[in-house]
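Source file coords.txt; content: compact mmCIF, C-alpha atoms.
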```
# COMPACT_ATOMS: atom_id res chain seq x y z
CA MET A 1 101.10 101.69 75.26
CA LYS A 2 101.02 98.05 74.29
CA LEU A 3 99.02 96.47 71.49
CA LYS A 4 98.51 92.73 71.73
CA THR A 5 97.16 90.43 69.00
CA GLY A 6 95.52 87.24 70.17
CA LEU A 7 96.34 83.76 68.88
CA MET A 8 92.68 83.11 67.97
CA ALA A 9 92.59 86.21 65.77
CA ALA A 10 95.71 85.09 63.92
CA THR A 11 94.24 81.60 63.43
CA ALA A 12 91.02 83.07 62.06
CA LEU A 13 92.98 85.13 59.53
CA ALA A 14 94.88 82.06 58.35
CA MET A 15 91.71 79.98 58.01
CA PHE A 16 89.34 82.47 56.44
CA GLY A 17 91.51 85.22 55.00
CA ALA A 18 89.22 87.85 56.52
CA PRO A 19 90.47 91.12 58.00
CA VAL A 20 91.10 90.73 61.69
CA LEU A 21 90.91 93.46 64.34
CA ALA A 22 93.71 93.50 66.88
CA ALA A 23 92.77 92.58 70.40
CA ASP A 24 92.10 95.42 72.81
CA ASP A 25 94.76 97.98 73.58
CA THR A 26 95.91 97.46 77.16
CA LEU A 27 96.67 99.84 80.00
CA ASP A 28 98.29 98.21 83.03
CA ILE A 29 98.69 100.46 86.09
CA VAL A 30 100.63 99.69 89.26
CA PHE A 31 100.50 101.80 92.41
CA ILE A 32 103.23 101.19 94.99
CA ASN A 33 102.43 102.75 98.37
CA ASP A 34 104.28 103.03 101.67
CA GLY A 35 101.43 101.45 103.68
CA HIS A 36 97.95 100.03 103.55
CA VAL A 37 96.26 100.12 106.97
CA ALA A 38 95.67 103.81 107.69
CA PRO A 39 92.14 105.04 106.88
CA TYR A 40 93.55 107.21 104.11
CA HIS A 41 95.28 104.22 102.53
CA VAL A 42 92.10 102.16 102.72
CA ALA A 43 90.18 104.91 100.92
CA TRP A 44 93.04 105.26 98.42
CA LEU A 45 92.90 101.59 97.53
CA SER A 46 89.11 101.55 97.33
CA GLY A 47 89.03 104.53 94.97
CA PHE A 48 91.82 103.10 92.84
CA GLU A 49 90.15 99.70 92.48
CA ASP A 50 86.73 101.22 91.76
CA ALA A 51 88.26 103.48 89.11
CA ILE A 52 90.11 100.60 87.43
CA LYS A 53 86.85 98.67 87.14
CA ALA A 54 84.88 101.68 85.91
CA TYR A 55 87.41 102.62 83.22
CA ASP A 56 87.72 99.03 82.05
CA GLU A 57 83.95 98.75 81.68
CA ALA A 58 83.49 102.16 80.08
CA PHE A 59 85.81 101.78 77.08
CA ASP A 60 85.66 99.00 74.50
CA ASP A 61 88.96 99.97 72.87
CA VAL A 62 91.20 99.54 75.91
CA LYS A 63 91.61 96.88 78.59
CA VAL A 64 92.40 98.61 81.90
CA THR A 65 94.02 96.63 84.68
CA GLY A 66 95.67 97.68 87.92
CA ARG A 67 97.47 96.48 91.03
CA TRP A 68 98.20 98.04 94.41
CA LEU A 69 101.31 97.07 96.38
CA SER A 70 102.07 98.02 99.98
CA ALA A 71 105.59 98.33 101.34
CA GLU A 72 104.24 98.33 104.91
CA GLY A 73 106.54 101.20 105.84
CA SER A 74 109.72 99.42 104.74
CA LEU A 75 112.06 101.23 102.34
CA GLU A 76 113.81 97.97 101.50
CA LYS A 77 110.54 96.24 100.68
CA MET A 78 109.41 99.15 98.50
CA ILE A 79 112.65 99.07 96.52
CA GLN A 80 112.27 95.32 96.01
CA GLN A 81 108.64 95.69 94.93
CA THR A 82 109.62 98.41 92.48
CA GLU A 83 112.39 96.33 90.93
CA VAL A 84 110.06 93.36 90.46
CA THR A 85 107.36 95.57 88.99
CA ILE A 86 109.74 97.10 86.45
CA ASN A 87 110.67 93.61 85.27
CA GLU A 88 106.96 92.85 84.81
CA GLY A 89 106.62 95.80 82.45
CA PRO A 90 103.39 97.68 83.29
CA ASP A 91 102.51 100.82 81.34
CA VAL A 92 102.32 103.28 84.23
CA MET A 93 103.76 103.18 87.75
CA PHE A 94 102.64 105.46 90.57
CA VAL A 95 105.25 105.36 93.34
CA ASN A 96 104.70 107.00 96.73
CA ALA A 97 108.38 106.81 97.62
CA ILE A 98 109.36 106.68 101.28
CA ASN A 99 112.65 108.36 100.35
CA VAL A 100 112.86 109.76 96.83
CA ASP A 101 116.68 109.72 96.64
CA ALA A 102 116.70 105.94 96.99
CA PHE A 103 114.53 105.56 93.89
CA GLU A 104 116.46 107.70 91.41
CA PRO A 105 118.25 104.71 89.80
CA LEU A 106 114.95 102.85 89.48
CA VAL A 107 113.28 105.76 87.70
CA ALA A 108 115.86 105.55 84.93
CA LYS A 109 115.50 101.77 84.76
CA ALA A 110 111.72 102.03 84.43
CA GLN A 111 111.95 104.67 81.73
CA GLU A 112 114.41 102.56 79.77
CA ALA A 113 111.80 99.80 79.86
CA GLY A 114 109.17 102.15 78.40
CA ILE A 115 107.28 102.59 81.67
CA THR A 116 105.83 105.96 82.66
CA TRP A 117 106.93 106.82 86.21
CA ILE A 118 104.65 109.10 88.26
CA ALA A 119 106.05 110.25 91.59
CA VAL A 120 103.27 110.54 94.19
CA HIS A 121 103.21 113.45 96.67
CA SER A 122 106.99 113.95 96.73
CA PRO A 123 108.08 115.46 93.38
CA MET A 124 111.05 114.05 91.47
CA ASP A 125 112.70 115.95 88.61
CA SER A 126 113.65 112.65 86.97
CA ALA A 127 110.08 111.29 86.97
CA ASP A 128 107.92 111.59 83.87
CA TYR A 129 105.30 113.28 86.06
CA SER A 130 104.90 114.25 89.69
CA PHE A 131 101.49 114.09 91.37
CA THR A 132 101.70 116.77 94.05
CA LEU A 133 99.42 118.36 96.63
CA GLY A 134 100.52 121.96 97.02
CA ASP A 135 101.80 121.00 100.45
CA VAL A 136 103.43 124.31 101.39
CA VAL A 137 100.29 126.26 100.45
CA ASN A 138 98.03 123.76 102.22
CA GLY A 139 100.17 123.83 105.34
CA THR A 140 100.17 127.62 105.25
CA ASN A 141 96.37 127.66 105.08
CA GLN A 142 96.20 125.32 108.07
CA GLY A 143 98.51 127.63 110.03
CA LEU A 144 96.56 130.74 109.01
CA ALA A 145 93.34 129.07 110.14
CA MET A 146 95.00 128.30 113.47
CA CYS A 147 95.90 131.96 113.89
CA ALA A 148 92.43 133.15 112.96
CA LEU A 149 90.61 130.67 115.22
CA SER A 150 92.90 130.94 118.24
CA GLY A 151 90.98 133.87 119.66
CA GLY A 152 93.97 136.18 120.01
CA GLU A 153 94.93 134.78 123.41
CA PRO A 154 98.14 132.84 124.11
CA TYR A 155 97.72 129.58 122.23
CA LYS A 156 100.14 126.67 122.60
CA VAL A 157 100.31 124.11 119.80
CA ALA A 158 102.28 120.91 119.20
CA ILE A 159 102.94 119.69 115.66
CA MET A 160 103.19 116.02 114.62
CA LEU A 161 105.49 115.69 111.66
CA GLY A 162 105.93 113.10 108.92
CA GLN A 163 109.03 111.00 108.31
CA ALA A 164 112.51 112.46 108.14
CA GLY A 165 113.61 112.92 104.53
CA ASN A 166 110.09 112.77 103.10
CA PRO A 167 109.63 115.94 100.99
CA SER A 168 105.84 115.99 101.22
CA GLY A 169 105.78 115.90 105.02
CA GLU A 170 108.57 118.46 105.26
CA ALA A 171 106.72 120.80 102.88
CA ARG A 172 103.56 120.55 104.99
CA HIS A 173 105.59 121.39 108.09
CA GLU A 174 107.19 124.35 106.33
CA GLY A 175 103.77 125.66 105.37
CA ILE A 176 102.26 125.26 108.84
CA LEU A 177 105.10 127.26 110.39
CA LYS A 178 104.73 129.91 107.68
CA GLY A 179 101.02 130.26 108.44
CA ILE A 180 101.53 130.41 112.20
CA ALA A 181 104.10 133.17 111.70
CA ALA A 182 101.25 135.47 110.66
CA CYS A 183 100.26 135.92 114.31
CA ASP A 184 102.21 136.40 117.50
CA ASN A 185 99.90 134.67 119.99
CA VAL A 186 100.43 131.10 118.71
CA GLU A 187 103.44 129.34 120.20
CA VAL A 188 104.82 126.00 118.96
CA VAL A 189 105.85 124.20 122.15
CA ALA A 190 106.73 120.81 120.62
CA GLU A 191 107.42 119.13 117.30
CA GLN A 192 108.03 115.42 116.73
CA PRO A 193 107.91 113.07 113.74
CA ALA A 194 105.47 110.17 114.02
CA ASP A 195 106.69 108.57 110.77
CA TRP A 196 103.13 108.32 109.36
CA ASP A 197 102.45 105.74 112.10
CA THR A 198 99.28 105.95 114.25
CA VAL A 199 100.87 103.90 117.04
CA LYS A 200 103.75 106.39 117.31
CA ALA A 201 101.22 109.21 117.11
CA GLN A 202 99.38 107.78 120.09
CA SER A 203 102.54 107.59 122.17
CA ILE A 204 103.53 111.14 121.24
CA ALA A 205 100.08 112.51 122.07
CA GLU A 206 100.11 110.78 125.46
CA ASN A 207 103.51 112.31 126.26
CA TRP A 208 102.46 115.78 125.15
CA LEU A 209 99.30 115.81 127.23
CA THR A 210 101.37 114.90 130.28
CA GLN A 211 104.23 117.27 129.53
CA TYR A 212 102.12 120.29 128.51
CA PRO A 213 99.08 120.68 130.80
CA ASP A 214 98.28 124.03 129.14
CA LEU A 215 98.44 122.73 125.55
CA ASN A 216 95.68 124.23 123.39
CA ALA A 217 95.99 122.39 120.09
CA ILE A 218 97.60 119.59 118.12
CA SER A 219 98.44 120.12 114.46
CA GLY A 220 99.21 117.17 112.19
CA VAL A 221 100.58 116.63 108.70
CA THR A 222 98.13 113.74 108.23
CA ASP A 223 94.68 112.89 109.56
CA GLY A 224 96.05 109.52 110.62
CA TYR A 225 97.49 111.28 113.67
CA MET A 226 94.15 112.81 114.59
CA TYR A 227 92.39 109.55 115.51
CA PRO A 228 94.59 108.56 118.48
CA SER A 229 95.17 112.18 119.53
CA ILE A 230 91.47 112.98 119.71
CA ALA A 231 90.73 109.77 121.61
CA ILE A 232 93.48 110.40 124.16
CA ALA A 233 92.34 113.97 124.76
CA MET A 234 88.72 112.86 125.22
CA ASN A 235 89.68 110.03 127.57
CA GLY A 236 91.78 112.42 129.61
CA GLY A 237 89.06 115.04 129.82
CA ARG A 238 91.19 117.58 127.90
CA GLU A 239 89.56 120.08 125.57
CA LEU A 240 91.97 120.55 122.68
CA ASP A 241 91.62 121.88 119.17
CA PHE A 242 92.86 119.77 116.26
CA TYR A 243 94.08 120.82 112.81
CA GLY A 244 94.31 118.01 110.30
CA TYR A 245 95.46 117.28 106.78
CA ASP A 246 93.96 114.65 104.43
CA GLY A 247 90.20 115.02 104.24
CA ASP A 248 89.48 111.64 105.85
CA ILE A 249 85.70 111.34 106.01
CA PRO A 250 85.60 110.37 109.75
CA ILE A 251 87.68 113.45 110.57
CA LEU A 252 85.55 115.74 108.42
CA GLN A 253 82.48 114.39 110.21
CA GLN A 254 83.93 115.59 113.53
CA MET A 255 84.22 119.18 112.36
CA THR A 256 80.60 120.28 112.81
CA ASP A 257 80.22 119.49 116.50
CA GLY A 258 83.67 118.21 117.39
CA SER A 259 87.11 119.53 118.13
CA VAL A 260 88.59 119.44 114.60
CA LYS A 261 88.83 123.06 113.49
CA ALA A 262 90.36 122.77 110.01
CA ASP A 263 91.38 120.14 107.52
CA ILE A 264 92.78 119.89 104.00
CA LEU A 265 90.57 118.13 101.47
CA LEU A 266 92.66 115.51 99.73
CA SER A 267 90.49 112.38 100.18
CA GLY A 268 92.04 109.04 99.37
CA THR A 269 88.97 108.17 97.31
CA ARG A 270 89.44 111.24 95.11
CA GLU A 271 93.13 110.53 94.65
CA GLY A 272 92.54 106.88 93.74
CA TRP A 273 90.14 107.93 90.98
CA ASN A 274 92.44 110.71 89.81
CA PHE A 275 95.38 108.30 89.48
CA VAL A 276 93.46 106.15 87.01
CA GLN A 277 92.16 109.17 85.11
CA MET A 278 95.70 110.55 84.82
CA ALA A 279 97.08 107.22 83.60
CA TYR A 280 94.29 106.92 81.02
CA ARG A 281 94.89 110.44 79.71
CA ILE A 282 98.60 109.75 79.32
CA HIS A 283 97.87 106.43 77.63
CA LYS A 284 95.65 108.24 75.12
CA GLY A 285 98.43 110.66 74.21
CA GLU A 286 97.63 113.62 76.43
CA THR A 287 100.43 115.36 78.27
CA PRO A 288 99.41 116.64 81.71
CA ASP A 289 101.62 119.19 83.43
CA LYS A 290 104.90 117.60 84.46
CA VAL A 291 104.06 118.64 88.00
CA TYR A 292 100.36 117.84 88.37
CA ASP A 293 99.00 119.75 91.36
CA PHE A 294 95.94 118.04 92.87
CA PHE A 295 93.12 120.38 93.92
CA THR A 296 93.08 120.45 97.74
CA PRO A 297 90.95 123.19 99.33
CA LEU A 298 90.84 124.07 103.01
CA VAL A 299 87.82 122.75 104.94
CA LEU A 300 86.10 124.76 107.66
CA THR A 301 82.60 124.98 109.05
CA GLU A 302 80.69 127.95 107.71
CA GLU A 303 80.60 129.45 111.21
CA ASN A 304 84.35 129.11 111.70
CA HIS A 305 85.01 130.56 108.26
CA LYS A 306 83.05 133.67 109.24
CA VAL A 307 85.00 133.89 112.51
CA ALA A 308 88.29 133.43 110.67
CA LEU A 309 87.48 136.13 108.11
CA ALA A 310 86.55 138.54 110.91
CA ASN A 311 89.96 137.82 112.45
CA GLY A 312 91.94 138.58 109.29
CA PHE A 313 91.94 135.23 107.46
CA PRO A 314 92.62 135.87 103.73
CA GLU A 315 89.44 136.11 101.66
CA ASP A 316 91.11 134.62 98.58
CA VAL A 317 91.80 131.21 100.19
CA GLN A 318 89.34 128.74 98.70
CA VAL A 319 87.31 127.07 101.45
CA TYR A 320 84.88 124.16 101.27
CA TYR A 321 82.30 123.85 104.02
CA VAL A 322 81.90 120.48 105.68
CA ASP A 323 78.85 119.18 103.80
CA GLN A 324 80.39 120.03 100.43
CA ALA A 325 83.73 118.52 101.46
CA LEU A 326 82.09 115.28 102.60
CA ASP A 327 80.22 114.96 99.31
CA VAL A 328 83.34 115.54 97.22
CA ALA A 329 85.47 113.25 99.40
CA ALA A 330 83.13 110.32 98.95
CA LYS A 331 82.41 110.69 95.22
CA GLY A 332 85.70 110.71 93.37
CA TYR A 333 84.00 109.36 90.26
CA LEU A 334 82.15 112.66 89.76
CA GLU A 335 85.42 114.54 89.21
CA PHE A 336 87.61 111.81 87.75
CA GLY A 337 85.40 109.03 86.38
CA PRO A 338 85.20 107.89 82.73
CA ASP A 339 82.77 110.68 81.86
CA SER A 340 85.51 113.19 82.62
CA VAL A 341 87.60 111.99 79.69
CA LYS A 342 84.91 111.16 77.14
```
Produce structure tokens that represent the structure in this file.
Amino acid sequence: MKLKTGLMAATALAMFGAPVLAADDTLDIVFINDGHVAPYHVAWLSGFEDAIKAYDEAFDDVKVTGRWLSAEGSLEKMIQQTEVTINEGPDVMFVNAINVDAFEPLVAKAQEAGITWIAVHSPMDSADYSFTLGDVVNGTNQGLAMCALSGGEPYKVAIMLGQAGNPSGEARHEGILKGIAACDNVEVVAEQPADWDTVKAQSIAENWLTQYPDLNAISGVTDGYMYPSIAIAMNGGRELDFYGYDGDIPILQQMTDGSVKADILLSGTREGWNFVQMAYRIHKGETPDKVYDFFTPLVLTEENHKVALANGFPEDVQVYYVDQALDVAAKGYLEFGPDSVK
């Protein structure tokens, strides 16, 4: 936390001898992300910027500012951006590290400078806090849904993975395989990392549809892979099922009448708002859990949930139906806006 006293206030005290209030307390937040063009990233940025503005307007005793930086998928660029940001001295840094091991020295440097480091999605023991998603549990729920909705017949699935060395993507993959292991009719015929890149996802999907004419489904560790995969299947006249992860609004909208069978409700908009709420709480002296687990329910249609339950899907898994999920995904301010901390 940084308290700044303005020059005009000091001048007024010298001239008139009256008590002077210090200028507003300031909270400067920086979010460093691995990319900026995927639909999830666009929603992330929008939610983050809207939350910064809302918190700044809502509180007279604190000036809230924020910046978003994109590494455009480059580890080297992200390291450079992080080093520059540390020298600028913000109050809180959210870092969605491409490879967490490469950032360990920078965590210590930031902390020495009095900056709170929050690791995003991939937990770091050295960070002040880790903002996590329950990836293994979420992946498991996706895999269980796949089992329950596969119909009991032989069901061939291909899984698009994240980026090698990224803990969040690897945890999602671990969970998906754990969920699929609950049934013996689902067979994983292919796995390949798409490095969080929709162009790579398109190429992989094209190859899979050629290589596996009897493929039944594509599972992904991010909804970013769903867009090209769905388009390729439709253009090729292939009826496939899709199992996503992110809660992108356009993907959720395809669940009612489309081929997307299950998704995980993150929502970039929700996360962007939650980042600012978390930073504000810390700034005000609260201490969230060191590992802050973001609430991310499974999304199904009501009809598919009934089918899944009839086929042995666990009753204790929290499920949002599509309409509820769409409402929550779009309105991050309801959960994480200024009213939530007043």
9 Å contact set for stretch 329-331 of chain A, only C-alpha atoms, chain neighbours under 2 positions out, as an mmCIF file with C-alpha atoms, in the coordinates of the input:
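result_39.cif was written with the following content:
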```
data_model
loop_
_atom_site.group_PDB
_atom_site.id
_atom_site.type_symbol
_atom_site.label_atom_id
_atom_site.label_comp_id
_atom_site.auth_asym_id
_atom_site.auth_seq_id
_atom_site.Cartn_x
_atom_site.Cartn_y
_atom_site.Cartn_z
ATOM 1 C CA GLY A 247 90.200 115.020 104.240
ATOM 2 C CA ASP A 248 89.480 111.640 105.850
ATOM 3 C CA ILE A 249 85.700 111.340 106.010
ATOM 4 C CA LEU A 265 90.570 118.130 101.470
ATOM 5 C CA LEU A 266 92.660 115.510 99.730
ATOM 6 C CA SER A 267 90.490 112.380 100.180
ATOM 7 C CA GLY A 268 92.040 109.040 99.370
ATOM 8 C CA THR A 269 88.970 108.170 97.310
ATOM 9 C CA ARG A 270 89.440 111.240 95.110
ATOM 10 C CA GLN A 324 80.390 120.030 100.430
ATOM 11 C CA ALA A 325 83.730 118.520 101.460
ATOM 12 C CA LEU A 326 82.090 115.280 102.600
ATOM 13 C CA ASP A 327 80.220 114.960 99.310
ATOM 14 C CA TYR A 333 84.000 109.360 90.260
ATOM 15 C CA LEU A 334 82.150 112.660 89.760
ATOM 16 C CA GLU A 335 85.420 114.540 89.210
#
```
Closest atom pairs, residues of stretch 173-237 of chain A within 12 Å of stretch 139-151 of chain A, all atoms listed in the file, as a Markdown table:
```
| residue | atom | partner | partner_atom | distance |
| --- | --- | --- | --- | --- |
| A:His173 | CA | A:Gly139 | CA | 6.5 |
| A:Glu174 | CA | A:Gly139 | CA | 7.1 |
| A:Gly175 | CA | A:Gly139 | CA | 4.0 |
| A:Ile176 | CA | A:Gly139 | CA | 4.3 |
| A:Leu177 | CA | A:Gly143 | CA | 6.6 |
| A:Lys178 | CA | A:Thr140 | CA | 5.7 |
| A:Gly179 | CA | A:Gly143 | CA | 4.0 |
| A:Ile180 | CA | A:Gly143 | CA | 4.6 |
| A:Ala181 | CA | A:Gly143 | CA | 8.0 |
| A:Ala182 | CA | A:Leu144 | CA | 6.9 |
| A:Cys183 | CA | A:Cys147 | CA | 5.9 |
| A:Asp184 | CA | A:Cys147 | CA | 8.5 |
| A:Asn185 | CA | A:Cys147 | CA | 7.8 |
| A:Val186 | CA | A:Cys147 | CA | 6.7 |
| A:Glu187 | CA | A:Cys147 | CA | 10.2 |
| A:Val188 | CA | A:Gly143 | CA | 11.1 |
| A:Asn216 | CA | A:Ser150 | CA | 8.9 |
| A:Ala217 | CA | A:Met146 | CA | 8.9 |
| A:Ile218 | CA | A:Met146 | CA | 10.2 |
| A:Ser219 | CA | A:Gln142 | CA | 8.5 |
| A:Gly220 | CA | A:Gly139 | CA | 9.6 |
| A:Val221 | CA | A:Gly139 | CA | 8.0 |
| A:Thr222 | CA | A:Gly139 | CA | 10.7 |
```
Once you have the residues from the selection above, write them out as a tab-separated table (two decimals), in the frame of the given file, restricted to C-alpha atoms.
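Dumped everything to out_26.tsv:
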```
chain	number	residue	atom	x	y	z
A	173	HIS	CA	105.59	121.39	108.09
A	174	GLU	CA	107.19	124.35	106.33
A	175	GLY	CA	103.77	125.66	105.37
A	176	ILE	CA	102.26	125.26	108.84
A	177	LEU	CA	105.10	127.26	110.39
A	178	LYS	CA	104.73	129.91	107.68
A	179	GLY	CA	101.02	130.26	108.44
A	180	ILE	CA	101.53	130.41	112.20
A	181	ALA	CA	104.10	133.17	111.70
A	182	ALA	CA	101.25	135.47	110.66
A	183	CYS	CA	100.26	135.92	114.31
A	184	ASP	CA	102.21	136.40	117.50
A	185	ASN	CA	99.90	134.67	119.99
A	186	VAL	CA	100.43	131.10	118.71
A	187	GLU	CA	103.44	129.34	120.20
A	188	VAL	CA	104.82	126.00	118.96
A	216	ASN	CA	95.68	124.23	123.39
A	217	ALA	CA	95.99	122.39	120.09
A	218	ILE	CA	97.60	119.59	118.12
A	219	SER	CA	98.44	120.12	114.46
A	220	GLY	CA	99.21	117.17	112.19
A	221	VAL	CA	100.58	116.63	108.70
A	222	THR	CA	98.13	113.74	108.23
```
- Task: Check the smallest atom-to-atom distance from each of A:Asp323, A:Asp28, A:Asp257, A:Asp34 to A:Val120 using only C-alpha atoms, then report the winner.
- Result: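 Looking only at the distances to A:Val120, the closest residue turns out to be A:Asp34.
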- Message: From (88.3, 112.6, 87.2), in the file's coordinates, out to 10 Å: which residues are reached, counting all atoms listed in the file? Answer as a list in words.
- Response: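 Those within range, by chain then number, are Ala51, Arg270, Glu271, Gly272, Trp273, Asn274, Phe275, Val276, Gln277, Met278, Gly332, Tyr333, Leu334, Glu335, Phe336, Gly337, Pro338, Asp339, Ser340 and Val341 of chain A.
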- Item | One-decimal distance in Å that lies between atom CA of A:Phe242 and atom CA of A:Asn166 |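 Spanning atom CA of A:Asn166 to atom CA of A:Phe242 is a straight-line distance of 22.8 Å.
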- Please, what distance in Å, to one decimal, runs between atom CA of A:Tyr55 and atom CA of A:Glu112?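 Taking atom CA of A:Tyr55 and atom CA of A:Glu112, their separation equals 27.2 Å.
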- Task: Tell me, as a list in words, which residues lie within 6 Å of stretch 123-131 of chain A, counting all atoms listed in the file; anything in the same chain fewer than 4 positions away does not count.
- Result: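 Close residues of stretch 123-131 of chain A: Trp117, Ile118, Ala119, Lys290, Val291 and Tyr292 of chain A.
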- Query: Pick from A:Glu72, A:Glu302, A:Asp56, A:Asp135: nearest to A:Tyr245, with only C-alpha atoms counted?
  - Reply: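 Nearest to A:Tyr245: A:Asp135.
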- Task: Rank nothing, just name the residue among A:Leu69, A:Val319, A:Ala231, A:Leu27 nearest to A:Lys306, using all atoms listed in the file.
- Result: A:Val319
